[in-house]
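This report refers to the structure that appears directly beneath it.
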Amino acid sequence: MIVRCLFLASCFLLLTSNIRAQVEMNYAKPQEYEIGGIEVTGTKYLDKSVLKLLSGLTVGDRIMIPGDQVSKAIENLWKQGLFSDISINAQKVVGDKIFLEFVLQERPRLSAFRFTGTRKSEEDDIRDKIKLIKGKVVTEDLLLTTKNIVGDYYIEKGFLNTEVTITEAPDATLPNNVVLTIGVNRKKKVKINQVIVHGNEKIQSGKLKRTMKETKEKNIFAPFRNPDVAAKNIISAIAKSDMNGAIDALESHLNENVKLNIFKTSKFLDSKYRDDKTALIAKYNEQGFRDATIVRDSVYKVNDKEVNVELWVDEGPKYYFRNITWTGNTKYTSEYLGKVLGIKKGDVYNQAALEANLLMNPQSTDVSSLYLDDGYLFFDVKPVEILAENDSIDIEMRMREGKQARINKVTVVGNTKTNDHVILREIRTKPGMLFSRSDIIRSQRELANLGYFNSETLGVNPKPNPVDGTVDIEYKVEEKPSDQIELSGGWGAGRIVGTLGVTFNNFSMRNIFKKGAWQPLPAGDGQKLSLRVQSNGLYFQSYNASFTEPWLGGKKPNSLSFSVFHSVQSNGKPKSDITRQAILITGGSVGLGTRLKWPDDFFTAYLEGIYQSYNLKNYPLGALINGQYNNLSGKITLSRNSISDPIYPQRGSKIVASFQTTLPITSFGLRSVDYGDPVSKYKWLEFNKTKFSYSWFQNLAGKLVMNVRTQFGFLGLYNRQLGITPFERFYLGGSGLSGFSLDGREIVALRGYGDNTLTPTNNQGNYTGGTIYNKYSLELRYPVSLNPSATIFGLAFLEAGDAYDKFDNFNPFGVKKSAGFGVRIFLPMFGLLGLDWGYGFDQIPGRPGSNGSNFHFSIGQTIE
């Protein structure tokens, strides 16, 4: 108020000094004048007529001299924040008319601004926030707002001591324009020294602090601090036969003296701190303390680099569920609904568990799912506390079942490449069916697993019509690149092998002759076409092509696949050279697959016919040197896949069991064999191969995921006189990549060891391949980015496995072990790329240096 009075007084004195020369001033008897004219001078960019209106004075107004009307006009103009100086002069007086001149000096305008003390990435973020544009008037409010925004940006990142300065400098090229320099001194990040909780008697401080996911204390590892106090508390509890008390005393000691934050830093962020206070109260609510509150809290500096956080809580009494009653239910009995709810009389009152079991829990075993999966789209239930007596609470479930809703229309929006029929055939919600929430969830999973759409933005928009009891369902998708190119180098036979491959995952064969469909290739029908070439010049060439139609005939999920391949490996000599050594492999396969309905529709079955020809020309392969050897086999694969996402699954599992066999023609006497002649023995291969793999994903906390995997493979025989085929064997160790694959071998990765080094050898130390292997893996995965254009996640692993030359040597627990960490990057154009470091703990006899520290590069799922 004092400042305002001084301001008005100065305006008045300025006015009177300017007007006194033209007007006789009589403070005892003010004189009234009519404004005869108003002239505005000193402005260049502002509209003069608008300024006159803003002043509050207009021609024809009658004003008192001296008086407060002119002072008020000056105040009105100052409020605009557009001027650095304002004065009002009386140009002349004619009779009772006075002619006024507004002399204004505009504030400077912004021509440019720059930063000092910042990083380029930070500058880009700050520019978006401060929204400074050229030509904007530089006011005190603009400078203060800009300073606060920049400061808050760094405070949000944990730089609580950030200093921001803004200096103005005239622009020499533009009059009345300035250049702003925004100087930032971030100083050091402020970290949290301690989080101290007062008033908690029922829940230990360590448990409460663990609920605060973003407000973490700095790392401490001092388990032997104050050992006498810890020992006294533990021994005292044991002496009283209170083992729970002893465990609590030990846990309390470790919580205070061992604090290791692996995935979170201890920086203080005010917005995250507010969220963590809510999480702390939620922890109390889960334990039945529904009245728990944070009475007060304090954040104060310990020094320039650290703060302490203190909270005082009032826990309140612990409550329990007593009577739960149901009203409005006709479809199901109250007893049945009570069983589904899963809350019994005497259970600790837990609002979160009540809402989850009532509305939606991860297993979809809640009350709402019971109704929503049976068409009751308009179902509603509200839990109402009708009585709170002592420590017991009575709940009444007030329900409105409504009538069942049927699906009217199903539409898809957002698909710019994939045809509607490809999407609609994967969707479980069909027109005429009863509405089902579980069908919608399953449909979203199926669309995500196609690999054509961004799983993070998949949306469903039900549009109910209560009048006729129907619902329209709109699925929203966002296309992402799905085609892949492989351009890589590998190592095989002591040489670099180049690979060029392309995979079109959303191909359209029916439009291949349609001119307008080549943009750049026919696409949108969900077919898969893959072409791949490998070569290292004269020594090795390989050509592969495959095609898959996932919905043969377009009516049912029956797939048709076929592939052809041809490869040549030689010693590089020309064909005319008698010293040329070469192996030629030619073959193809045809397969039919179908989705099963039993045991559930996550199961699929796949039947495949395979033919391979191995042609050896002066090429030593075990006891074989020359001749043609044929593999005609059939394979059946039974699999179940319920993972939530093909790139970064957070839940679900994948099970694959397969059995491949040739005809045991020698056992049936259908082929005569000279068992002393290797060429005769293996002219037509006879074997059976059994494989099993299991991969399970479980979300642990946030987006931290655990993946447990196991694999097993066994190569068997039919005729003991033939023995086990030298083809089709297992080679274990390394990254799972090879420069090229010969003799039908299967290469299995095991990190921490060199390529193939866990494979059985002969007396000369040459790899012969295993006939049985097993492998176990445990991974913890955490994402850096789930952006579909570049999905990145890190992992840590434990792994074990081994390969054996015969079943008698098989020991599922006598395995070679390793541990390490790695990173995966999924780029739509190149697929999944991986880099791992592993340490093998067990030495390999005859292979010094095979274990220990090893780096592994992987493409696709070769590591798995």
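FYI, nothing fancy with the structure tokens labels: chains A, B, ... in order, residues from 1 per chain, ligands from 1 as they appear.
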query: Contacts of Pro550 of chain A at 8 Å or less, counting only C-alpha atoms, minus same-chain residues fewer than 4 places along, as a ChimeraX atom specification?
result: /A:526-527,557-560
Selection: 10 Å around segment 282-296 of chain A, only C-alpha atoms, excl. self and same-chain fewer than 4 positions, as a ChimeraX atom specification: /A:197-199,202-203,207-208,210-212,276-278,310-321,347-354,391
Could you write out that same residue set with N, CA, C and O atoms as a compact mmCIF listing (two decimals), in the first residue's frame?
# COMPACT_ATOMS: atom_id res chain seq x y z
N VAL A 197 11.97 -41.37 9.47
CA VAL A 197 10.53 -41.48 9.73
C VAL A 197 10.31 -41.52 11.24
O VAL A 197 10.95 -42.32 11.94
N HIS A 198 9.43 -40.66 11.73
CA HIS A 198 9.08 -40.62 13.15
C HIS A 198 7.64 -41.09 13.35
O HIS A 198 6.78 -40.88 12.48
N GLY A 199 7.38 -41.69 14.48
CA GLY A 199 6.01 -42.05 14.85
C GLY A 199 5.55 -43.39 14.34
O GLY A 199 4.41 -43.79 14.60
N LYS A 202 4.21 -49.61 14.01
CA LYS A 202 3.67 -50.87 13.47
C LYS A 202 4.41 -51.34 12.22
O LYS A 202 4.42 -52.52 11.93
N ILE A 203 4.99 -50.43 11.48
CA ILE A 203 5.73 -50.80 10.26
C ILE A 203 7.14 -50.22 10.38
O ILE A 203 7.31 -49.03 10.67
N LYS A 207 10.91 -50.72 5.73
CA LYS A 207 9.83 -51.12 4.83
C LYS A 207 9.11 -49.90 4.26
O LYS A 207 8.71 -49.90 3.09
N LEU A 208 8.95 -48.88 5.10
CA LEU A 208 8.31 -47.66 4.60
C LEU A 208 9.17 -46.97 3.56
O LEU A 208 8.66 -46.51 2.53
N ARG A 210 11.27 -48.32 1.58
CA ARG A 210 11.30 -49.08 0.32
C ARG A 210 10.10 -48.77 -0.56
O ARG A 210 10.15 -48.98 -1.77
N THR A 211 9.00 -48.29 0.04
CA THR A 211 7.84 -47.92 -0.78
C THR A 211 8.08 -46.61 -1.53
O THR A 211 7.39 -46.32 -2.50
N MET A 212 9.05 -45.82 -1.07
CA MET A 212 9.36 -44.54 -1.71
C MET A 212 10.35 -44.81 -2.85
O MET A 212 11.55 -44.79 -2.67
N ASP A 276 5.92 -40.10 -3.66
CA ASP A 276 6.39 -41.11 -2.70
C ASP A 276 5.69 -40.98 -1.36
O ASP A 276 5.50 -41.99 -0.66
N LYS A 277 5.32 -39.78 -0.97
CA LYS A 277 4.56 -39.62 0.28
C LYS A 277 3.19 -40.30 0.14
O LYS A 277 2.70 -40.93 1.09
N THR A 278 2.60 -40.18 -1.03
CA THR A 278 1.33 -40.88 -1.28
C THR A 278 1.52 -42.39 -1.22
O THR A 278 0.69 -43.12 -0.68
N GLU A 310 12.71 -35.67 6.57
CA GLU A 310 12.09 -36.18 7.80
C GLU A 310 10.59 -36.14 7.66
O GLU A 310 10.01 -35.17 7.16
N LEU A 311 9.95 -37.22 8.12
CA LEU A 311 8.49 -37.32 8.09
C LEU A 311 7.99 -37.76 9.44
O LEU A 311 8.58 -38.63 10.09
N TRP A 312 6.89 -37.18 9.86
CA TRP A 312 6.22 -37.56 11.10
C TRP A 312 4.86 -38.15 10.73
O TRP A 312 4.06 -37.48 10.04
N VAL A 313 4.64 -39.40 11.10
CA VAL A 313 3.39 -40.08 10.73
C VAL A 313 2.53 -40.33 11.95
O VAL A 313 3.03 -40.49 13.07
N ASP A 314 1.24 -40.33 11.71
CA ASP A 314 0.26 -40.76 12.73
C ASP A 314 -0.39 -42.01 12.16
O ASP A 314 -1.16 -41.95 11.20
N GLU A 315 -0.05 -43.18 12.70
CA GLU A 315 -0.50 -44.45 12.12
C GLU A 315 -1.99 -44.68 12.31
O GLU A 315 -2.65 -45.23 11.42
N GLY A 316 -2.54 -44.30 13.45
CA GLY A 316 -3.94 -44.58 13.73
C GLY A 316 -4.16 -46.05 14.01
O GLY A 316 -3.24 -46.87 13.97
N PRO A 317 -5.41 -46.44 14.26
CA PRO A 317 -5.71 -47.85 14.59
C PRO A 317 -5.69 -48.74 13.35
O PRO A 317 -5.82 -48.26 12.22
N LYS A 318 -5.54 -50.04 13.58
CA LYS A 318 -5.58 -51.02 12.51
C LYS A 318 -7.00 -51.57 12.39
O LYS A 318 -7.61 -51.95 13.40
N TYR A 319 -7.52 -51.63 11.16
CA TYR A 319 -8.91 -52.05 10.93
C TYR A 319 -8.95 -53.42 10.24
O TYR A 319 -8.01 -53.84 9.57
N TYR A 320 -10.13 -54.06 10.38
CA TYR A 320 -10.36 -55.39 9.81
C TYR A 320 -11.73 -55.41 9.14
O TYR A 320 -12.66 -54.69 9.53
N PHE A 321 -11.84 -56.23 8.09
CA PHE A 321 -13.15 -56.45 7.47
C PHE A 321 -14.02 -57.26 8.42
O PHE A 321 -13.55 -58.19 9.07
N ASP A 347 -10.22 -60.51 7.90
CA ASP A 347 -9.05 -60.13 7.13
C ASP A 347 -8.70 -58.67 7.39
O ASP A 347 -9.58 -57.83 7.66
N VAL A 348 -7.41 -58.36 7.30
CA VAL A 348 -6.96 -56.98 7.48
C VAL A 348 -7.59 -56.10 6.41
O VAL A 348 -7.64 -56.45 5.23
N TYR A 349 -8.08 -54.94 6.82
CA TYR A 349 -8.73 -54.02 5.89
C TYR A 349 -7.70 -53.48 4.90
O TYR A 349 -6.71 -52.85 5.29
N ASN A 350 -7.92 -53.75 3.62
CA ASN A 350 -6.99 -53.34 2.57
C ASN A 350 -7.81 -52.80 1.40
O ASN A 350 -8.39 -53.56 0.63
N GLN A 351 -7.85 -51.47 1.29
CA GLN A 351 -8.66 -50.84 0.27
C GLN A 351 -8.18 -51.20 -1.13
O GLN A 351 -8.98 -51.43 -2.04
N ALA A 352 -6.85 -51.28 -1.31
CA ALA A 352 -6.30 -51.61 -2.64
C ALA A 352 -6.70 -53.02 -3.06
O ALA A 352 -7.08 -53.26 -4.21
N ALA A 353 -6.61 -53.99 -2.12
CA ALA A 353 -6.99 -55.37 -2.44
C ALA A 353 -8.48 -55.46 -2.72
O ALA A 353 -8.91 -56.21 -3.61
N LEU A 354 -9.27 -54.70 -1.98
CA LEU A 354 -10.72 -54.69 -2.20
C LEU A 354 -11.04 -54.20 -3.61
O LEU A 354 -11.83 -54.83 -4.34
N ASP A 391 -12.57 -51.58 15.75
CA ASP A 391 -11.58 -51.82 14.70
C ASP A 391 -12.16 -52.61 13.53
O ASP A 391 -11.42 -53.17 12.73
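Near Trp551 of chain A, within 12 Å and counting only C-alpha atoms, sit His421, Val422, Ile423, Arg425, Glu426, Asp525, Gly526, Gln527, Lys528, Thr548, Glu549, Gly553, Gly554, Lys555, Lys556, Pro557, Asn558, Ser559, Leu560, Ser561, Leu592, Gly593, Thr594 and Arg595 of chain A; same-chain residues fewer than 2 positions away were not included.
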With N, CA and C atoms retained, could you export that selection as an mmCIF file, in the first residue's frame?
data_model
loop_
_atom_site.group_PDB
_atom_site.id
_atom_site.type_symbol
_atom_site.label_atom_id
_atom_site.label_comp_id
_atom_site.auth_asym_id
_atom_site.auth_seq_id
_atom_site.Cartn_x
_atom_site.Cartn_y
_atom_site.Cartn_z
ATOM 1 N N HIS A 421 -8.626 -56.776 -43.107
ATOM 2 C CA HIS A 421 -8.943 -58.188 -42.872
ATOM 3 C C HIS A 421 -7.830 -58.893 -42.098
ATOM 4 N N VAL A 422 -6.584 -58.412 -42.239
ATOM 5 C CA VAL A 422 -5.474 -59.005 -41.489
ATOM 6 C C VAL A 422 -5.633 -58.721 -40.001
ATOM 7 N N ILE A 423 -6.123 -57.528 -39.678
ATOM 8 C CA ILE A 423 -6.328 -57.155 -38.276
ATOM 9 C C ILE A 423 -7.579 -57.817 -37.714
ATOM 10 N N ARG A 425 -9.118 -60.520 -38.486
ATOM 11 C CA ARG A 425 -9.069 -61.970 -38.275
ATOM 12 C C ARG A 425 -8.356 -62.323 -36.963
ATOM 13 N N GLU A 426 -7.542 -61.406 -36.416
ATOM 14 C CA GLU A 426 -6.873 -61.649 -35.138
ATOM 15 C C GLU A 426 -7.722 -61.206 -33.947
ATOM 16 N N ASP A 525 -0.864 -57.828 -46.338
ATOM 17 C CA ASP A 525 -1.639 -59.062 -46.177
ATOM 18 C C ASP A 525 -1.073 -59.984 -45.105
ATOM 19 N N GLY A 526 -0.044 -59.563 -44.385
ATOM 20 C CA GLY A 526 0.452 -60.332 -43.253
ATOM 21 C C GLY A 526 1.283 -61.545 -43.617
ATOM 22 N N GLN A 527 1.673 -61.680 -44.883
ATOM 23 C CA GLN A 527 2.520 -62.803 -45.283
ATOM 24 C C GLN A 527 3.989 -62.466 -45.018
ATOM 25 N N LYS A 528 4.823 -63.482 -44.973
ATOM 26 C CA LYS A 528 6.241 -63.281 -44.674
ATOM 27 C C LYS A 528 7.085 -63.850 -45.802
ATOM 28 N N THR A 548 5.749 -67.598 -45.960
ATOM 29 C CA THR A 548 4.735 -68.096 -45.023
ATOM 30 C C THR A 548 3.432 -67.350 -45.236
ATOM 31 N N GLU A 549 2.364 -68.116 -45.399
ATOM 32 C CA GLU A 549 0.998 -67.585 -45.416
ATOM 33 C C GLU A 549 0.345 -67.990 -44.094
ATOM 34 N N GLY A 553 -6.228 -69.700 -47.060
ATOM 35 C CA GLY A 553 -7.645 -69.632 -47.399
ATOM 36 C C GLY A 553 -8.345 -68.440 -46.781
ATOM 37 N N GLY A 554 -7.742 -67.787 -45.807
ATOM 38 C CA GLY A 554 -8.312 -66.578 -45.223
ATOM 39 C C GLY A 554 -9.428 -66.788 -44.231
ATOM 40 N N LYS A 555 -9.808 -68.047 -43.951
ATOM 41 C CA LYS A 555 -10.942 -68.297 -43.064
ATOM 42 C C LYS A 555 -10.510 -68.719 -41.667
ATOM 43 N N LYS A 556 -9.462 -69.527 -41.572
ATOM 44 C CA LYS A 556 -9.023 -70.055 -40.289
ATOM 45 C C LYS A 556 -7.507 -69.860 -40.151
ATOM 46 N N PRO A 557 -7.017 -69.830 -38.897
ATOM 47 C CA PRO A 557 -5.581 -69.608 -38.694
ATOM 48 C C PRO A 557 -4.743 -70.851 -38.986
ATOM 49 N N ASN A 558 -4.821 -71.317 -40.248
ATOM 50 C CA ASN A 558 -4.002 -72.437 -40.707
ATOM 51 C C ASN A 558 -2.895 -71.880 -41.592
ATOM 52 N N SER A 559 -1.664 -72.135 -41.232
ATOM 53 C CA SER A 559 -0.549 -71.539 -41.955
ATOM 54 C C SER A 559 0.065 -72.516 -42.944
ATOM 55 N N LEU A 560 0.630 -71.958 -43.999
ATOM 56 C CA LEU A 560 1.380 -72.727 -44.993
ATOM 57 C C LEU A 560 2.749 -72.080 -45.139
ATOM 58 N N SER A 561 3.808 -72.883 -45.021
ATOM 59 C CA SER A 561 5.176 -72.369 -45.153
ATOM 60 C C SER A 561 5.972 -73.271 -46.078
ATOM 61 N N LEU A 592 2.646 -77.161 -42.546
ATOM 62 C CA LEU A 592 1.278 -76.730 -42.285
ATOM 63 C C LEU A 592 1.109 -76.551 -40.781
ATOM 64 N N GLY A 593 0.540 -75.420 -40.399
ATOM 65 C CA GLY A 593 0.320 -75.163 -38.979
ATOM 66 C C GLY A 593 -1.116 -74.795 -38.707
ATOM 67 N N THR A 594 -1.544 -74.966 -37.476
ATOM 68 C CA THR A 594 -2.905 -74.604 -37.093
ATOM 69 C C THR A 594 -2.937 -74.192 -35.634
ATOM 70 N N ARG A 595 -3.874 -73.327 -35.314
ATOM 71 C CA ARG A 595 -4.087 -72.923 -33.934
ATOM 72 C C ARG A 595 -5.082 -73.882 -33.288
#
- prompt: Which neighbours of Pro383 of chain A fall inside 8 Å, counting only C-alpha atoms, when residues of the same chain fewer than 2 positions from it are skipped, and could you give them as a ChimeraX atom specification?
  reply: /A:381,385,395-398
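With only C-alpha atoms taken into account, the protein and nucleic acid residues at most 6 Å from segment 567-575 of chain A (excluding it and anything under 6 positions from it in its own chain) are Leu538, Tyr539, Phe540, Gln541, Ser542, Gln581, Ala582, Ile583, Leu584 and Ile585 of chain A.
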task: Run DSSP on the backbone and grab whatever in segment 371-463 of chain A lands in alpha helix (DSSP H); send it over as a list of chain:residue names.
output: A:Tyr371, A:Leu372, A:Asp420, A:His421, A:Val422, A:Ile423, A:Leu424, A:Arg437, A:Ser438, A:Asp439, A:Ile440, A:Ile441, A:Arg442, A:Ser443, A:Gln444, A:Arg445, A:Glu446, A:Leu447, A:Ala448, A:Asn449, A:Leu450
Grab the residues selected above and save them as a PDB file, in the first residue's frame with C-alpha atoms.
ATOM      1  CA  TYR A 371     -19.822 -59.897 -15.344  1.00  0.00           C
ATOM      2  CA  LEU A 372     -17.907 -58.090 -18.093  1.00  0.00           C
ATOM      3  CA  ASP A 420      -8.361 -54.471 -42.378  1.00  0.00           C
ATOM      4  CA  HIS A 421      -8.943 -58.188 -42.872  1.00  0.00           C
ATOM      5  CA  VAL A 422      -5.474 -59.005 -41.489  1.00  0.00           C
ATOM      6  CA  ILE A 423      -6.328 -57.155 -38.276  1.00  0.00           C
ATOM      7  CA  LEU A 424      -9.943 -58.264 -37.962  1.00  0.00           C
ATOM      8  CA  ARG A 437     -13.452 -57.789 -21.583  1.00  0.00           C
ATOM      9  CA  SER A 438     -11.122 -60.807 -21.672  1.00  0.00           C
ATOM     10  CA  ASP A 439     -11.681 -61.108 -25.435  1.00  0.00           C
ATOM     11  CA  ILE A 440     -10.652 -57.465 -25.852  1.00  0.00           C
ATOM     12  CA  ILE A 441      -7.489 -58.001 -23.784  1.00  0.00           C
ATOM     13  CA  ARG A 442      -6.645 -61.110 -25.793  1.00  0.00           C
ATOM     14  CA  SER A 443      -7.263 -59.223 -29.049  1.00  0.00           C
ATOM     15  CA  GLN A 444      -4.807 -56.530 -28.006  1.00  0.00           C
ATOM     16  CA  ARG A 445      -2.201 -59.194 -27.255  1.00  0.00           C
ATOM     17  CA  GLU A 446      -2.690 -60.841 -30.656  1.00  0.00           C
ATOM     18  CA  LEU A 447      -2.343 -57.498 -32.442  1.00  0.00           C
ATOM     19  CA  ALA A 448       0.836 -56.715 -30.499  1.00  0.00           C
ATOM     20  CA  ASN A 449       2.337 -60.091 -31.383  1.00  0.00           C
ATOM     21  CA  LEU A 450       1.817 -59.482 -35.098  1.00  0.00           C
TER      22      LEU A 450
END
Extract, using only C-alpha atoms, all DNA, RNA and protein residues at most 12 Å from Val564 of chain A, discarding same-chain residues fewer than 3 positions from it, and format them as a short mmCIF file (atom, residue, chain, number, x, y, z; two decimals) with all heavy atoms, in the first residue's frame.
data_model
loop_
_atom_site.label_atom_id
_atom_site.label_comp_id
_atom_site.auth_asym_id
_atom_site.auth_seq_id
_atom_site.Cartn_x
_atom_site.Cartn_y
_atom_site.Cartn_z
N SER A 530 11.18 -64.07 -46.99
CA SER A 530 12.54 -63.89 -46.51
C SER A 530 13.53 -64.37 -47.56
O SER A 530 13.37 -65.47 -48.11
CB SER A 530 12.76 -64.65 -45.20
OG SER A 530 14.07 -64.50 -44.73
N LEU A 531 14.53 -63.57 -47.83
CA LEU A 531 15.60 -63.89 -48.78
C LEU A 531 16.94 -63.63 -48.08
O LEU A 531 17.11 -62.58 -47.45
CB LEU A 531 15.49 -63.04 -50.04
CG LEU A 531 14.16 -63.10 -50.79
CD1 LEU A 531 14.14 -62.04 -51.89
CD2 LEU A 531 13.93 -64.48 -51.38
N ARG A 532 17.88 -64.57 -48.22
CA ARG A 532 19.14 -64.42 -47.49
C ARG A 532 20.28 -65.03 -48.30
O ARG A 532 20.16 -66.12 -48.86
CB ARG A 532 19.02 -65.12 -46.14
CG ARG A 532 20.13 -64.82 -45.14
CD ARG A 532 19.70 -65.33 -43.77
NE ARG A 532 20.65 -64.98 -42.73
CZ ARG A 532 21.55 -65.82 -42.23
NH1 ARG A 532 21.63 -67.05 -42.72
NH2 ARG A 532 22.36 -65.44 -41.27
N SER A 542 25.88 -69.40 -49.71
CA SER A 542 24.63 -69.98 -49.22
C SER A 542 23.48 -69.10 -49.67
O SER A 542 23.56 -67.87 -49.61
CB SER A 542 24.65 -70.07 -47.68
OG SER A 542 23.40 -70.54 -47.21
N TYR A 543 22.38 -69.76 -50.10
CA TYR A 543 21.21 -69.05 -50.60
C TYR A 543 19.97 -69.65 -49.94
O TYR A 543 19.79 -70.88 -49.94
CB TYR A 543 21.11 -69.18 -52.12
CG TYR A 543 22.41 -68.85 -52.83
CD1 TYR A 543 23.32 -69.88 -53.14
CD2 TYR A 543 22.75 -67.54 -53.16
CE1 TYR A 543 24.51 -69.59 -53.77
CE2 TYR A 543 23.95 -67.26 -53.80
CZ TYR A 543 24.84 -68.28 -54.10
OH TYR A 543 26.03 -68.01 -54.71
N ASN A 544 19.11 -68.78 -49.38
CA ASN A 544 17.92 -69.25 -48.69
C ASN A 544 16.73 -68.38 -49.07
O ASN A 544 16.86 -67.16 -49.20
CB ASN A 544 18.10 -69.17 -47.18
CG ASN A 544 19.22 -70.05 -46.66
OD1 ASN A 544 19.01 -71.18 -46.28
ND2 ASN A 544 20.44 -69.50 -46.65
N ALA A 545 15.59 -69.01 -49.23
CA ALA A 545 14.35 -68.28 -49.49
C ALA A 545 13.21 -69.00 -48.78
O ALA A 545 13.18 -70.24 -48.75
CB ALA A 545 14.06 -68.18 -50.99
N SER A 546 12.30 -68.22 -48.18
CA SER A 546 11.15 -68.84 -47.50
C SER A 546 9.94 -67.93 -47.62
O SER A 546 10.06 -66.71 -47.79
CB SER A 546 11.47 -69.10 -46.02
OG SER A 546 11.68 -67.89 -45.32
N PHE A 547 8.77 -68.55 -47.51
CA PHE A 547 7.51 -67.82 -47.61
C PHE A 547 6.52 -68.46 -46.64
O PHE A 547 6.44 -69.69 -46.54
CB PHE A 547 6.96 -67.87 -49.04
CG PHE A 547 5.60 -67.24 -49.19
CD1 PHE A 547 5.46 -65.86 -49.27
CD2 PHE A 547 4.46 -68.02 -49.21
CE1 PHE A 547 4.21 -65.28 -49.39
CE2 PHE A 547 3.20 -67.46 -49.33
CZ PHE A 547 3.07 -66.08 -49.43
N SER A 561 3.81 -72.88 -45.02
CA SER A 561 5.18 -72.37 -45.15
C SER A 561 5.97 -73.27 -46.08
O SER A 561 5.76 -74.49 -46.10
CB SER A 561 5.87 -72.31 -43.79
OG SER A 561 5.17 -71.50 -42.88
N SER A 567 23.67 -74.49 -50.34
CA SER A 567 24.94 -73.93 -49.87
C SER A 567 26.09 -74.79 -50.38
O SER A 567 25.94 -76.00 -50.61
CB SER A 567 24.97 -73.85 -48.34
OG SER A 567 24.91 -75.14 -47.76
N ILE A 585 25.01 -78.68 -49.99
CA ILE A 585 23.77 -79.00 -49.27
C ILE A 585 22.62 -78.34 -50.01
O ILE A 585 22.63 -77.13 -50.21
CB ILE A 585 23.82 -78.52 -47.81
CG1 ILE A 585 25.05 -79.07 -47.10
CG2 ILE A 585 22.56 -78.93 -47.07
CD1 ILE A 585 25.23 -78.54 -45.70
N THR A 586 21.65 -79.14 -50.41
CA THR A 586 20.48 -78.63 -51.10
C THR A 586 19.24 -79.23 -50.44
O THR A 586 19.23 -80.41 -50.07
CB THR A 586 20.50 -79.01 -52.59
OG1 THR A 586 21.73 -78.55 -53.17
CG2 THR A 586 19.32 -78.41 -53.34
N GLY A 587 18.20 -78.40 -50.31
CA GLY A 587 17.00 -78.95 -49.68
C GLY A 587 15.84 -77.99 -49.68
O GLY A 587 15.91 -76.88 -50.21
N GLY A 588 14.81 -78.44 -49.06
CA GLY A 588 13.60 -77.63 -48.94
C GLY A 588 12.67 -78.23 -47.91
O GLY A 588 12.88 -79.34 -47.41
N SER A 589 11.64 -77.46 -47.56
CA SER A 589 10.66 -77.94 -46.58
C SER A 589 9.31 -77.34 -46.88
O SER A 589 9.20 -76.25 -47.47
CB SER A 589 11.10 -77.58 -45.15
OG SER A 589 11.09 -76.17 -44.96
N VAL A 590 8.29 -78.05 -46.47
CA VAL A 590 6.91 -77.58 -46.57
C VAL A 590 6.24 -77.87 -45.24
O VAL A 590 6.39 -78.96 -44.67
CB VAL A 590 6.14 -78.29 -47.71
CG1 VAL A 590 4.69 -77.82 -47.75
CG2 VAL A 590 6.82 -78.04 -49.05
N ILE A 610 10.61 -82.39 -44.58
CA ILE A 610 11.94 -81.83 -44.85
C ILE A 610 12.74 -82.79 -45.73
O ILE A 610 12.75 -83.99 -45.49
CB ILE A 610 12.71 -81.59 -43.54
CG1 ILE A 610 11.90 -80.71 -42.57
CG2 ILE A 610 14.07 -80.96 -43.80
CD1 ILE A 610 12.44 -80.69 -41.16
N TYR A 611 13.39 -82.23 -46.73
CA TYR A 611 14.35 -83.01 -47.52
C TYR A 611 15.66 -82.24 -47.61
O TYR A 611 15.69 -81.03 -47.90
CB TYR A 611 13.84 -83.31 -48.92
CG TYR A 611 14.92 -83.97 -49.77
CD1 TYR A 611 15.26 -85.31 -49.56
CD2 TYR A 611 15.63 -83.24 -50.73
CE1 TYR A 611 16.27 -85.92 -50.30
CE2 TYR A 611 16.64 -83.84 -51.47
CZ TYR A 611 16.95 -85.18 -51.24
OH TYR A 611 17.96 -85.78 -51.96
N GLN A 612 16.79 -82.95 -47.33
CA GLN A 612 18.12 -82.37 -47.45
C GLN A 612 19.03 -83.37 -48.14
O GLN A 612 18.99 -84.57 -47.84
CB GLN A 612 18.69 -82.01 -46.08
CG GLN A 612 18.03 -80.82 -45.40
CD GLN A 612 18.59 -80.60 -44.01
OE1 GLN A 612 18.46 -81.45 -43.15
NE2 GLN A 612 19.20 -79.44 -43.80
N SER A 613 19.85 -82.84 -49.03
CA SER A 613 20.84 -83.66 -49.72
C SER A 613 22.22 -83.13 -49.39
O SER A 613 22.49 -81.93 -49.57
CB SER A 613 20.61 -83.61 -51.23
OG SER A 613 21.71 -84.20 -51.92
#
message: If we count only C-alpha atoms and set the cut-off at 7 Å, which residues sit around Met64 of chain A, ignoring sequence neighbours fewer than 5 positions away in its own chain? Please answer as a list in words.
response: Pro30, Gln31, Glu32 and Tyr33 of chain A
- request: Find the distance between atom CA of Glu163 of chain A and atom CA of Lys188 of chain A and write it in Å to one decimal.
  value: 11.2 Å
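Of the listed residues (A:Ile343, A:Trp78, A:Gly794, A:Asp805), A:Ile343 comes nearest to Asn357 of chain A; the distances count only C-alpha atoms.
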